[in-house]
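One file, target_15.csv, is given below (CSV, C-alpha atoms).
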chain,number,residue,atom,x,y,z
A,21,MET,CA,-9.2,-27.6,2.9
A,22,ASN,CA,-7.7,-26.8,-0.4
A,23,PRO,CA,-10.0,-25.5,-3.3
A,24,SER,CA,-10.4,-29.0,-4.8
A,25,GLN,CA,-11.5,-30.4,-1.4
A,26,GLN,CA,-13.9,-27.5,-0.9
A,27,ILE,CA,-15.5,-28.0,-4.4
A,28,ALA,CA,-15.8,-31.7,-3.7
A,29,ALA,CA,-17.6,-31.0,-0.4
A,30,LEU,CA,-19.9,-28.5,-2.1
A,31,MET,CA,-20.7,-30.9,-4.9
A,32,ASN,CA,-21.4,-33.7,-2.4
A,33,GLY,CA,-24.4,-31.6,-1.4
A,34,VAL,CA,-25.5,-31.4,-5.0
A,35,ALA,CA,-25.2,-35.2,-5.3
A,36,ASN,CA,-27.6,-35.7,-2.4
A,37,GLN,CA,-30.3,-33.6,-4.1
A,38,PRO,CA,-32.7,-35.0,-6.7
A,39,PRO,CA,-31.1,-35.3,-10.2
A,40,ASP,CA,-31.0,-32.0,-12.1
A,41,ILE,CA,-34.0,-31.6,-14.2
A,42,VAL,CA,-33.1,-31.5,-17.8
A,43,VAL,CA,-35.8,-30.1,-20.1
A,44,PRO,CA,-35.0,-30.9,-23.7
A,45,CYS,CA,-35.1,-27.8,-25.7
A,46,LYS,CA,-37.2,-28.1,-28.8
A,47,LYS,CA,-35.3,-25.5,-30.8
A,48,ASN,CA,-31.7,-26.1,-29.7
A,49,LYS,CA,-30.3,-29.4,-28.8
A,50,THR,CA,-27.0,-27.9,-27.7
A,51,HIS,CA,-26.3,-24.7,-25.7
A,52,SER,CA,-23.5,-22.2,-25.1
A,53,ILE,CA,-22.0,-20.5,-22.2
A,54,LYS,CA,-20.2,-17.1,-22.0
A,55,LEU,CA,-18.3,-15.8,-19.1
A,56,LEU,CA,-17.2,-12.2,-18.6
A,57,VAL,CA,-15.0,-11.5,-15.5
A,58,ARG,CA,-14.1,-7.9,-14.7
A,59,TRP,CA,-12.6,-5.9,-11.8
A,60,GLU,CA,-15.3,-4.2,-9.8
A,61,ASP,CA,-13.5,-0.8,-9.5
A,62,ASN,CA,-12.8,0.0,-13.2
A,63,LEU,CA,-14.7,-2.7,-15.0
A,64,ALA,CA,-11.5,-3.7,-16.9
A,65,PRO,CA,-11.2,-7.3,-17.8
A,66,VAL,CA,-9.4,-9.6,-15.5
A,67,PRO,CA,-6.2,-10.9,-17.3
A,68,MET,CA,-6.6,-14.5,-16.2
A,69,THR,CA,-8.2,-16.7,-13.6
A,70,ASP,CA,-8.8,-20.4,-13.4
A,71,PHE,CA,-12.3,-22.0,-13.0
A,72,LYS,CA,-14.0,-25.4,-13.0
A,73,ILE,CA,-17.4,-26.1,-14.4
A,74,PHE,CA,-19.5,-29.0,-13.2
A,75,ARG,CA,-22.5,-30.5,-15.1
A,76,GLY,CA,-24.7,-31.9,-12.5
A,77,LYS,CA,-22.3,-33.5,-10.1
A,78,THR,CA,-19.6,-34.3,-12.6
A,79,GLN,CA,-16.8,-32.1,-13.6
A,80,TYR,CA,-17.4,-30.9,-17.1
A,81,THR,CA,-14.3,-28.8,-17.8
A,82,SER,CA,-11.4,-27.0,-16.1
A,83,ASP,CA,-10.0,-23.9,-17.9
A,84,SER,CA,-9.0,-20.3,-17.6
A,85,VAL,CA,-10.7,-17.0,-18.3
A,86,ALA,CA,-8.3,-15.0,-20.6
A,87,LYS,CA,-8.6,-11.3,-20.9
A,88,GLY,CA,-11.9,-11.5,-19.0
A,89,LYS,CA,-13.7,-13.8,-21.4
A,90,TYR,CA,-14.5,-17.4,-21.9
A,91,ALA,CA,-17.0,-19.0,-24.3
A,92,GLU,CA,-17.9,-22.5,-25.1
A,93,LYS,CA,-20.5,-23.9,-27.6
A,94,LYS,CA,-22.3,-27.2,-28.1
A,95,LEU,CA,-22.9,-28.0,-24.5
A,96,PRO,CA,-25.5,-30.7,-23.8
A,97,PRO,CA,-28.5,-29.6,-21.7
A,98,GLY,CA,-28.1,-29.7,-18.0
A,99,THR,CA,-27.4,-27.6,-14.9
A,100,TYR,CA,-23.9,-26.1,-14.9
A,101,ARG,CA,-22.1,-24.9,-11.8
A,102,LEU,CA,-19.1,-22.7,-11.9
A,103,PHE,CA,-16.3,-22.4,-9.4
A,104,PHE,CA,-13.5,-19.9,-9.5
A,105,THR,CA,-10.7,-21.8,-7.9
A,106,GLU,CA,-8.4,-18.8,-7.1
A,107,ILE,CA,-11.0,-16.4,-5.8
A,108,ASP,CA,-12.5,-16.2,-2.3
A,109,GLU,CA,-16.3,-16.1,-2.1
A,110,SER,CA,-16.3,-12.7,-0.5
A,111,GLU,CA,-14.3,-11.2,-3.4
A,112,ILE,CA,-16.5,-12.1,-6.3
A,113,ILE,CA,-20.1,-11.3,-7.2
A,114,LYS,CA,-22.4,-12.2,-10.1
A,115,GLU,CA,-23.9,-9.2,-11.9
B,14,MET,CA,-4.1,-21.5,5.9
B,15,PRO,CA,-1.0,-20.8,7.9
B,16,ASN,CA,-0.6,-17.7,9.9
B,17,VAL,CA,2.0,-15.2,8.6
B,18,THR,CA,4.9,-13.8,10.6
B,19,THR,CA,5.5,-10.3,9.4
B,20,ALA,CA,8.8,-9.1,8.0
B,21,ALA,CA,10.1,-5.6,7.2
B,22,GLY,CA,8.0,-4.1,4.4
B,23,ASP,CA,4.9,-6.2,5.0
B,24,CYS,CA,1.5,-4.6,5.2
B,25,PHE,CA,-2.0,-6.2,4.9
B,26,ASN,CA,-2.0,-5.5,1.2
B,27,SER,CA,1.2,-7.4,0.6
B,28,ILE,CA,0.2,-10.3,2.9
B,29,ALA,CA,-3.2,-10.6,1.2
B,30,LYS,CA,-1.6,-10.6,-2.3
B,31,ALA,CA,0.9,-13.2,-1.3
B,32,GLN,CA,-1.8,-15.4,0.0
B,33,GLY,CA,-3.9,-15.1,-3.2
B,34,PHE,CA,-6.5,-12.5,-2.0
B,35,PHE,CA,-7.5,-9.5,-4.1
B,36,ASN,CA,-8.9,-7.4,-1.2
B,37,TYR,CA,-6.8,-6.9,1.9
B,38,LEU,CA,-9.9,-6.5,4.0
B,39,THR,CA,-10.6,-10.2,3.6
B,40,VAL,CA,-7.5,-10.8,5.7
B,41,TYR,CA,-7.8,-7.7,7.9
B,42,ASN,CA,-11.3,-8.5,9.0
B,43,HIS,CA,-10.5,-12.1,9.7
B,44,SER,CA,-10.4,-13.2,13.3
B,45,ASP,CA,-8.9,-10.6,15.7
B,46,ASN,CA,-6.6,-9.0,13.1
B,47,ALA,CA,-8.4,-5.7,13.1
B,48,THR,CA,-8.2,-5.5,16.9
B,49,ASN,CA,-4.5,-6.5,17.0
B,50,PHE,CA,-3.5,-4.1,14.2
B,51,PRO,CA,-5.4,-0.8,14.4
B,52,ASN,CA,-3.5,0.5,11.4
B,53,PRO,CA,-3.3,-2.1,8.6
B,54,ASN,CA,-0.4,-0.4,7.0
B,55,CYS,CA,1.7,-0.2,10.1
B,56,LEU,CA,2.8,-3.7,11.3
B,57,GLU,CA,5.4,-4.6,13.9
B,58,GLU,CA,8.1,-6.8,12.5
B,59,GLY,CA,7.7,-10.3,13.8
B,60,SER,CA,4.0,-10.1,14.7
B,61,THR,CA,1.5,-12.7,13.6
B,62,VAL,CA,-1.3,-12.1,11.1
B,63,LYS,CA,-4.0,-14.7,10.9
B,64,VAL,CA,-4.9,-15.6,7.4
B,65,PRO,CA,-8.3,-17.1,6.5
B,66,GLU,CA,-8.9,-20.1,4.4
B,67,LYS,CA,-10.1,-19.4,1.0
B,68,GLN,CA,-13.8,-20.2,0.6
B,69,MET,CA,-15.2,-21.4,-2.8
B,70,LYS,CA,-18.5,-20.4,-4.1
B,71,ALA,CA,-20.7,-22.2,-6.6
B,72,PHE,CA,-22.5,-20.1,-9.3
B,73,VAL,CA,-25.3,-21.7,-11.3
B,74,LEU,CA,-24.7,-20.7,-14.9
B,75,THR,CA,-27.3,-19.3,-17.3
B,76,LEU,CA,-27.1,-21.1,-20.6
B,77,ASP,CA,-27.2,-19.2,-23.9
B,78,ALA,CA,-26.4,-15.9,-22.2
B,79,GLU,CA,-23.4,-14.0,-20.9
B,80,ASN,CA,-22.7,-14.6,-17.2
B,81,LYS,CA,-21.0,-11.5,-15.8
B,82,PHE,CA,-18.8,-11.5,-12.7
B,83,LYS,CA,-17.0,-8.8,-10.8
B,84,ILE,CA,-13.9,-9.3,-8.7
B,85,ILE,CA,-13.7,-7.0,-5.7
B,86,ARG,CA,-10.1,-5.7,-5.2
B,87,LYS,CA,-8.4,-3.0,-3.2
B,88,LYS,CA,-5.6,-1.2,-4.9
B,89,THR,CA,-2.5,-0.4,-2.9
B,90,LYS,CA,-1.8,3.3,-2.8
B,91,LEU,CA,1.4,5.2,-2.0
B,92,LYS,CA,1.5,8.8,-0.9
B,93,VAL,CA,4.7,10.7,-0.2
B,94,LYS,CA,5.0,14.2,1.2
B,95,VAL,CA,8.3,16.1,0.9
B,96,CYS,CA,8.7,18.8,3.6
B,97,LYS,CA,11.3,20.6,5.5
B,98,ALA,CA,12.4,19.5,9.0
B,99,ASN,CA,9.7,21.8,10.5
B,100,VAL,CA,7.1,19.7,8.6
B,101,ALA,CA,4.9,22.7,7.8
B,102,GLN,CA,7.0,24.0,4.9
B,103,GLN,CA,8.2,22.4,1.7
B,104,PRO,CA,11.7,22.9,0.3
B,105,GLY,CA,12.2,25.0,-2.8
B,106,MET,CA,12.2,22.4,-5.6
B,107,SER,CA,11.6,22.5,-9.3
B,108,LYS,CA,10.7,18.9,-9.7
B,109,VAL,CA,10.1,15.8,-7.5
B,110,THR,CA,9.8,12.3,-8.8
B,111,LEU,CA,8.6,9.1,-7.1
B,112,ASP,CA,9.5,5.8,-8.7
B,113,ILE,CA,8.2,2.4,-7.5
B,114,GLY,CA,8.4,-0.7,-9.6
B,115,GLY,CA,8.6,1.3,-12.8
B,116,LYS,CA,5.5,3.4,-11.9
B,117,LYS,CA,6.3,7.1,-11.7
B,118,ALA,CA,4.7,10.2,-10.3
B,119,THR,CA,6.1,13.7,-10.9
B,120,ALA,CA,5.1,16.9,-9.3
B,121,THR,CA,6.4,20.4,-8.6
B,122,THR,CA,4.7,20.5,-5.2
B,123,GLY,CA,5.7,18.3,-2.2
B,124,VAL,CA,2.9,15.7,-2.4
B,125,LEU,CA,3.0,12.7,-4.7
B,126,ASP,CA,0.4,9.9,-5.2
B,127,ILE,CA,0.5,6.7,-7.0
B,128,ASP,CA,-2.8,4.9,-7.0
B,129,ASP,CA,-2.0,1.4,-7.9
B,130,ILE,CA,1.3,0.0,-6.9
B,131,ASP,CA,2.4,-3.6,-6.6
B,132,ALA,CA,1.9,-4.5,-2.9
B,133,SER,CA,4.9,-6.8,-2.9
B,134,ILE,CA,7.4,-4.1,-3.8
B,135,SER,CA,9.0,-2.6,-0.7
B,136,THR,CA,11.5,-0.1,-2.1
B,137,ALA,CA,11.0,3.2,-4.0
B,138,THR,CA,13.1,6.0,-5.1
B,139,LEU,CA,12.4,9.7,-4.4
B,140,THR,CA,14.3,12.3,-6.4
B,141,VAL,CA,14.1,16.0,-5.7
B,142,VAL,CA,15.5,18.6,-8.1
B,143,LEU,CA,16.1,21.8,-6.1
B,144,SER,CA,15.3,25.2,-7.2
B,145,ASP,CA,17.0,28.5,-6.3
B,146,PRO,CA,16.9,29.2,-2.5
B,147,PRO,CA,15.2,32.5,-1.7
B,148,ALA,CA,17.4,35.5,-2.4
B,149,TYR,CA,18.6,37.6,0.6
B,150,ALA,CA,17.3,41.1,1.0
B,151,ALA,CA,19.7,43.8,-0.3
B,152,PRO,CA,21.7,45.5,2.4
B,153,PRO,CA,20.5,49.0,3.3
B,154,ALA,CA,22.4,51.8,1.6
B,155,PRO,CA,24.8,53.6,4.0
B,156,SER,CA,23.6,57.1,4.9
B,157,ALA,CA,25.8,60.0,3.9
B,158,GLY,CA,26.8,60.6,7.6
B,159,THR,CA,28.1,57.2,8.1
B,160,ALA,CA,29.6,56.6,4.7
B,161,ASN,CA,33.3,55.6,4.9
B,162,GLN,CA,33.2,55.9,8.6
B,163,TYR,CA,32.9,52.2,9.2
B,164,PRO,CA,33.4,49.2,7.0
B,165,ASP,CA,30.3,47.7,5.4
B,166,PRO,CA,28.3,45.6,7.8
B,167,ILE,CA,28.8,41.8,7.4
B,168,LEU,CA,25.6,40.3,6.1
B,169,ALA,CA,24.5,36.7,5.7
B,170,ALA,CA,24.7,37.1,2.0
B,171,ASP,CA,28.4,37.8,2.2
B,172,PHE,CA,29.3,34.3,3.5
B,173,ASP,CA,26.2,32.4,2.6
B,174,ASP,CA,25.8,33.3,-1.1
B,175,PRO,CA,22.9,31.3,-2.5
B,176,LYS,CA,24.8,31.0,-5.8
B,177,THR,CA,27.7,29.2,-4.2
B,178,VAL,CA,26.5,27.2,-1.2
B,179,TRP,CA,24.6,24.0,-1.1
B,180,PRO,CA,21.8,23.5,-2.1
B,181,LYS,CA,22.3,24.9,-5.6
B,182,LYS,CA,19.7,25.3,-8.2
B,183,GLY,CA,19.3,22.1,-10.3
B,184,GLU,CA,21.0,20.0,-7.7
B,185,THR,CA,19.5,16.5,-7.3
B,186,ILE,CA,19.0,14.6,-4.1
B,187,THR,CA,17.9,11.0,-4.2
B,188,TRP,CA,16.5,8.9,-1.4
B,189,ASN,CA,15.8,5.2,-1.3
B,190,LEU,CA,12.5,4.7,0.5
B,191,GLN,CA,11.6,1.5,2.4
B,192,VAL,CA,7.9,1.2,1.6
B,193,GLY,CA,5.7,-0.4,4.3
B,194,SER,CA,8.5,-0.7,6.8
B,195,LEU,CA,7.2,1.9,9.2
B,196,GLU,CA,6.2,0.2,12.5
B,197,PRO,CA,3.5,1.4,14.9
B,198,HIS,CA,4.5,4.3,17.2
B,199,THR,CA,3.6,2.1,20.2
B,200,VAL,CA,6.9,0.1,19.8
B,201,ILE,CA,10.4,1.5,20.3
B,202,ARG,CA,11.4,0.8,16.7
B,203,GLY,CA,8.4,2.7,15.4
B,204,VAL,CA,9.4,5.9,17.4
B,205,LEU,CA,13.0,5.6,16.3
B,206,GLN,CA,12.0,5.2,12.7
B,207,ARG,CA,10.0,8.4,12.9
B,208,LEU,CA,12.9,10.2,14.5
B,209,GLU,CA,15.1,9.1,11.6
B,210,ASN,CA,12.5,10.2,9.1
B,211,LEU,CA,12.4,13.7,10.7
B,212,GLY,CA,16.2,14.0,10.5
B,213,PHE,CA,17.2,13.0,14.0
B,214,THR,CA,19.8,10.4,13.3
B,215,CYS,CA,19.7,7.4,15.6
B,216,PRO,CA,19.9,3.6,15.4
B,217,VAL,CA,16.6,1.8,14.7
B,218,GLN,CA,16.6,-1.0,17.2
B,219,LYS,CA,14.3,-2.8,19.7
B,220,THR,CA,16.1,-1.5,22.8
B,221,GLU,CA,17.0,1.9,24.1
B,222,ASN,CA,20.6,3.0,24.8
B,223,ALA,CA,22.7,6.1,25.0
B,224,ALA,CA,22.3,6.8,21.2
B,225,THR,CA,18.5,6.6,21.3
B,226,ARG,CA,18.4,8.8,24.4
B,227,ARG,CA,20.6,11.4,22.7
B,228,ALA,CA,18.3,11.4,19.7
B,229,VAL,CA,15.2,11.8,22.0
B,230,LYS,CA,16.9,14.6,23.9
B,231,THR,CA,17.8,16.4,20.6
B,232,TYR,CA,14.2,16.0,19.4
B,233,ARG,CA,12.8,17.4,22.7
B,234,ARG,CA,15.1,20.4,22.5
B,235,ALA,CA,14.6,21.1,18.8
B,236,VAL,CA,10.9,20.4,18.4
B,237,GLU,CA,9.2,20.3,21.8
B,238,ASN,CA,11.5,23.1,23.1
B,239,LYS,CA,11.9,21.3,26.4
B,240,VAL,CA,15.1,21.2,28.3
B,241,ALA,CA,14.7,19.6,31.7
B,242,PRO,CA,17.7,18.2,33.5
B,243,ASN,CA,15.6,15.4,35.1
B,244,ASP,CA,14.2,14.1,31.8
B,245,THR,CA,14.7,10.4,31.2
B,246,ASP,CA,15.0,10.9,27.5
B,247,ALA,CA,13.1,7.7,27.1
B,248,VAL,CA,11.3,6.9,23.8
B,249,ALA,CA,8.0,6.9,25.7
B,250,ASP,CA,8.4,10.6,26.5
B,251,ILE,CA,8.0,11.6,22.9
B,252,ARG,CA,5.7,8.8,21.6
B,253,ALA,CA,2.5,10.8,21.3
B,254,HIS,CA,4.2,14.0,20.1
B,255,ILE,CA,6.2,12.4,17.4
B,256,LYS,CA,3.2,10.4,16.2
B,257,ALA,CA,1.2,13.5,15.8
B,258,ARG,CA,4.1,15.3,14.0
B,259,HIS,CA,5.1,12.5,11.7
B,260,ASP,CA,1.8,10.8,10.9
B,261,ASP,CA,-0.9,13.4,10.9

How does the structure come out when it is put into structure tokens?
Amino acid sequence: MNPSQQIAALMNGVANQPPDIVVPCKKNKTHSIKLLVRWEDNLAPVPMTDFKIFRGKTQYTSDSVAKGKYAEKKLPPGTYRLFFTEIDESEIIKE
Amino acid sequence: MPNVTTAAGDCFNSIAKAQGFFNYLTVYNHSDNATNFPNPNCLEEGSTVKVPEKQMKAFVLTLDAENKFKIIRKKTKLKVKVCKANVAQQPGMSKVTLDIGGKKATATTGVLDIDDIDASISTATLTVVLSDPPAYAAPPAPSAGTANQYPDPILAADFDDPKTVWPKKGETITWNLQVGSLEPHTVIRGVLQRLENLGFTCPVQKTENAATRRAVKTYRRAVENKVAPNDTDAVADIRAHIKARHDD
């Protein structure tokens, strides 16, 4: 399976679950996400790597982390899932 | 993911990188690779490495906060030791330089390390600038009783003057290194490569012939100090000895 097929298979599991609960935030109607991707050995930023973000079961965006960083504002509420399409699961950890 | 047939210069680092992995252990620990290849940096040309399929992982993001990730990688290291043919000593040198893919290491001793090389590069250059060879001891002064009785004794210094013979001070020797090409000592080519590296000229091939037997015989005489008329001079006779001498 290529990365896209794997993501589709993983997201099929999400689709079978109850819909993601969206609790409207009273203070902020929109949200932001920030990503920081670094090498484990020296904590230097990773020059570039591709990712896909899904909101619920739908693909929200497909972009790249540049110099270790990515940020996006004004996201509607929801549950967001991130896939690094070039990195094996055994080679990445969330801090 | 297709399996990979190894070529000269391949190691698990270079194979993992070519297949999009950051850590060679992801490939090395897959299936029976670790059993088939006890040394991940010593692969026989033409053997098959099994490559795993990349597995995706879903991370649920935290909104309005920074989501931090770490990528686990293994850097590829290169270490080169310069020594005399007897392995124990290093030659007299004023400077030694190792260059691989634009990364350089310089030292005045015989050991050079580069911590993070590009795993896909399989050639490097080693340059040694020689220093003065050790001076010969001065000949003893003739005693009064023997003066003019005989001509001066001939000494090594008379015909082997360090100022005139090779190597001279400041002379440069350059080698082109084939990085990652050393095969395991368990195969014929691996033993012949080690013979070559230690200065015993021979063809590096998959079969034995008169030339390889000659090199083995020379090695046994020079290093193992064994001269037996019934020796077969087969590569297998020196396999363990040359592995210990060359690799350890």

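The residues of chain B lying at most 6 Å from chain A, with all atoms listed in the file taken into account, are Lys67, Gln68, Met69, Lys70, Ala71, Phe72, Val73, Leu74, Leu76, Asp77, Glu79, Asn80, Lys81, Phe82, Lys83, Ile84 and Ile85 of chain B.
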
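One finds atom CA of B:Val95 at 11.2 Å from atom CA of B:Lys108.
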
Using only C-alpha atoms, which protein or nucleic acid residues come within 9 Å of stretch 38-41 of chain B? Drop anything in the same chain fewer than 2 positions from it, and give the result as an mmCIF file with C-alpha atoms, in the frame of the given file.
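To be explicit, this is the file written out as around.cif:
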data_model
loop_
_atom_site.group_PDB
_atom_site.id
_atom_site.type_symbol
_atom_site.label_atom_id
_atom_site.label_comp_id
_atom_site.auth_asym_id
_atom_site.auth_seq_id
_atom_site.Cartn_x
_atom_site.Cartn_y
_atom_site.Cartn_z
ATOM 1 C CA ASP A 108 -12.500 -16.200 -2.300
ATOM 2 C CA SER A 110 -16.300 -12.700 -0.500
ATOM 3 C CA GLU A 111 -14.300 -11.200 -3.400
ATOM 4 C CA PHE B 25 -2.000 -6.200 4.900
ATOM 5 C CA ASN B 26 -2.000 -5.500 1.200
ATOM 6 C CA ILE B 28 0.200 -10.300 2.900
ATOM 7 C CA ALA B 29 -3.200 -10.600 1.200
ATOM 8 C CA PHE B 34 -6.500 -12.500 -2.000
ATOM 9 C CA PHE B 35 -7.500 -9.500 -4.100
ATOM 10 C CA ASN B 36 -8.900 -7.400 -1.200
ATOM 11 C CA HIS B 43 -10.500 -12.100 9.700
ATOM 12 C CA SER B 44 -10.400 -13.200 13.300
ATOM 13 C CA ASP B 45 -8.900 -10.600 15.700
ATOM 14 C CA ASN B 46 -6.600 -9.000 13.100
ATOM 15 C CA ALA B 47 -8.400 -5.700 13.100
ATOM 16 C CA PHE B 50 -3.500 -4.100 14.200
ATOM 17 C CA PRO B 53 -3.300 -2.100 8.600
ATOM 18 C CA VAL B 62 -1.300 -12.100 11.100
ATOM 19 C CA LYS B 63 -4.000 -14.700 10.900
ATOM 20 C CA VAL B 64 -4.900 -15.600 7.400
ATOM 21 C CA PRO B 65 -8.300 -17.100 6.500
ATOM 22 C CA LYS B 87 -8.400 -3.000 -3.200
#

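With atom CA of B:Glu196 on one side and atom CA of B:Gly123 on the other, the separation reads 23.3 Å.
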
By how many Å are atom CA of B:Asp129 and atom CA of B:Val204 apart?
28.1 Å

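Using all atoms listed in the file for every distance, the candidate list B:Ser107, B:Asn222, B:Ser133, B:Gln206 yields B:Ser107 as the residue closest to B:Gly183.
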
Name all residues at most 12 Å from B:Phe213 (count only C-alpha atoms; drop same-chain ones fewer than 4 positions away) and give them as number ranges by chain.
B: 98, 204-209, 217, 224-236, 255

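Of the residues under consideration (A:Ser82, A:Lys49, A:Lys77, A:Met68), A:Lys77 shows the shortest atom-to-atom contact distance to A:Ala29 when counting all atoms listed in the file.
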
Reconstruct stretch 53-77 of chain A at the level of N, CA and C atoms, and format the result as a PDB file, in the frame of the given file.
ATOM      1  N   ILE A  53     -22.213 -21.301 -23.338  1.00  0.00           N
ATOM      2  CA  ILE A  53     -22.000 -20.500 -22.200  1.00  0.00           C
ATOM      3  C   ILE A  53     -20.986 -19.382 -22.482  1.00  0.00           C
ATOM      4  N   LYS A  54     -21.201 -18.237 -21.877  1.00  0.00           N
ATOM      5  CA  LYS A  54     -20.200 -17.100 -22.000  1.00  0.00           C
ATOM      6  C   LYS A  54     -19.942 -16.598 -20.624  1.00  0.00           C
ATOM      7  N   LEU A  55     -18.679 -16.354 -20.388  1.00  0.00           N
ATOM      8  CA  LEU A  55     -18.300 -15.800 -19.100  1.00  0.00           C
ATOM      9  C   LEU A  55     -17.593 -14.426 -19.364  1.00  0.00           C
ATOM     10  N   LEU A  56     -17.906 -13.460 -18.531  1.00  0.00           N
ATOM     11  CA  LEU A  56     -17.200 -12.200 -18.600  1.00  0.00           C
ATOM     12  C   LEU A  56     -16.806 -11.837 -17.135  1.00  0.00           C
ATOM     13  N   VAL A  57     -15.499 -11.712 -16.906  1.00  0.00           N
ATOM     14  CA  VAL A  57     -15.000 -11.500 -15.500  1.00  0.00           C
ATOM     15  C   VAL A  57     -14.239 -10.136 -15.563  1.00  0.00           C
ATOM     16  N   ARG A  58     -14.685  -9.206 -14.711  1.00  0.00           N
ATOM     17  CA  ARG A  58     -14.100  -7.900 -14.700  1.00  0.00           C
ATOM     18  C   ARG A  58     -13.753  -7.461 -13.262  1.00  0.00           C
ATOM     19  N   TRP A  59     -12.875  -6.447 -13.150  1.00  0.00           N
ATOM     20  CA  TRP A  59     -12.600  -5.900 -11.800  1.00  0.00           C
ATOM     21  C   TRP A  59     -13.809  -4.976 -11.484  1.00  0.00           C
ATOM     22  N   GLU A  60     -14.141  -4.961 -10.215  1.00  0.00           N
ATOM     23  CA  GLU A  60     -15.300  -4.200  -9.800  1.00  0.00           C
ATOM     24  C   GLU A  60     -15.027  -2.661  -9.892  1.00  0.00           C
ATOM     25  N   ASP A  61     -13.774  -2.241  -9.620  1.00  0.00           N
ATOM     26  CA  ASP A  61     -13.500  -0.800  -9.500  1.00  0.00           C
ATOM     27  C   ASP A  61     -13.474  -0.077 -10.847  1.00  0.00           C
ATOM     28  N   ASN A  62     -12.912  -0.690 -11.881  1.00  0.00           N
ATOM     29  CA  ASN A  62     -12.800   0.000 -13.200  1.00  0.00           C
ATOM     30  C   ASN A  62     -13.421  -0.741 -14.330  1.00  0.00           C
ATOM     31  N   LEU A  63     -13.997  -1.885 -14.043  1.00  0.00           N
ATOM     32  CA  LEU A  63     -14.700  -2.700 -15.000  1.00  0.00           C
ATOM     33  C   LEU A  63     -13.708  -3.197 -16.160  1.00  0.00           C
ATOM     34  N   ALA A  64     -12.426  -3.151 -15.889  1.00  0.00           N
ATOM     35  CA  ALA A  64     -11.500  -3.700 -16.900  1.00  0.00           C
ATOM     36  C   ALA A  64     -11.464  -5.209 -16.765  1.00  0.00           C
ATOM     37  N   PRO A  65     -11.210  -5.879 -17.889  1.00  0.00           N
ATOM     38  CA  PRO A  65     -11.200  -7.300 -17.800  1.00  0.00           C
ATOM     39  C   PRO A  65     -10.088  -7.894 -16.972  1.00  0.00           C
ATOM     40  N   VAL A  66     -10.377  -8.955 -16.272  1.00  0.00           N
ATOM     41  CA  VAL A  66      -9.400  -9.600 -15.500  1.00  0.00           C
ATOM     42  C   VAL A  66      -8.438 -10.404 -16.382  1.00  0.00           C
ATOM     43  N   PRO A  67      -7.137 -10.218 -16.277  1.00  0.00           N
ATOM     44  CA  PRO A  67      -6.200 -10.900 -17.300  1.00  0.00           C
ATOM     45  C   PRO A  67      -6.406 -12.378 -17.331  1.00  0.00           C
ATOM     46  N   MET A  68      -6.428 -13.036 -16.199  1.00  0.00           N
ATOM     47  CA  MET A  68      -6.600 -14.500 -16.200  1.00  0.00           C
ATOM     48  C   MET A  68      -6.989 -15.023 -14.870  1.00  0.00           C
ATOM     49  N   THR A  69      -7.876 -15.986 -14.880  1.00  0.00           N
ATOM     50  CA  THR A  69      -8.200 -16.700 -13.600  1.00  0.00           C
ATOM     51  C   THR A  69      -8.769 -18.059 -13.967  1.00  0.00           C
ATOM     52  N   ASP A  70      -8.445 -19.010 -13.117  1.00  0.00           N
ATOM     53  CA  ASP A  70      -8.800 -20.400 -13.400  1.00  0.00           C
ATOM     54  C   ASP A  70     -10.260 -20.675 -12.875  1.00  0.00           C
ATOM     55  N   PHE A  71     -10.921 -21.638 -13.510  1.00  0.00           N
ATOM     56  CA  PHE A  71     -12.300 -22.000 -13.000  1.00  0.00           C
ATOM     57  C   PHE A  71     -12.493 -23.514 -13.359  1.00  0.00           C
ATOM     58  N   LYS A  72     -13.509 -24.045 -12.711  1.00  0.00           N
ATOM     59  CA  LYS A  72     -14.000 -25.400 -13.000  1.00  0.00           C
ATOM     60  C   LYS A  72     -15.483 -25.319 -13.217  1.00  0.00           C
ATOM     61  N   ILE A  73     -15.976 -26.085 -14.191  1.00  0.00           N
ATOM     62  CA  ILE A  73     -17.400 -26.100 -14.400  1.00  0.00           C
ATOM     63  C   ILE A  73     -17.876 -27.585 -14.209  1.00  0.00           C
ATOM     64  N   PHE A  74     -18.950 -27.718 -13.447  1.00  0.00           N
ATOM     65  CA  PHE A  74     -19.500 -29.000 -13.200  1.00  0.00           C
ATOM     66  C   PHE A  74     -20.884 -29.098 -13.915  1.00  0.00           C
ATOM     67  N   ARG A  75     -21.150 -30.222 -14.544  1.00  0.00           N
ATOM     68  CA  ARG A  75     -22.500 -30.500 -15.100  1.00  0.00           C
ATOM     69  C   ARG A  75     -23.144 -31.493 -14.202  1.00  0.00           C
ATOM     70  N   GLY A  76     -24.196 -31.052 -13.527  1.00  0.00           N
ATOM     71  CA  GLY A  76     -24.700 -31.900 -12.500  1.00  0.00           C
ATOM     72  C   GLY A  76     -23.686 -32.074 -11.408  1.00  0.00           C
ATOM     73  N   LYS A  77     -23.331 -33.299 -11.109  1.00  0.00           N
ATOM     74  CA  LYS A  77     -22.300 -33.500 -10.100  1.00  0.00           C
ATOM     75  C   LYS A  77     -20.962 -33.883 -10.665  1.00  0.00           C
TER      76      LYS A  77
END
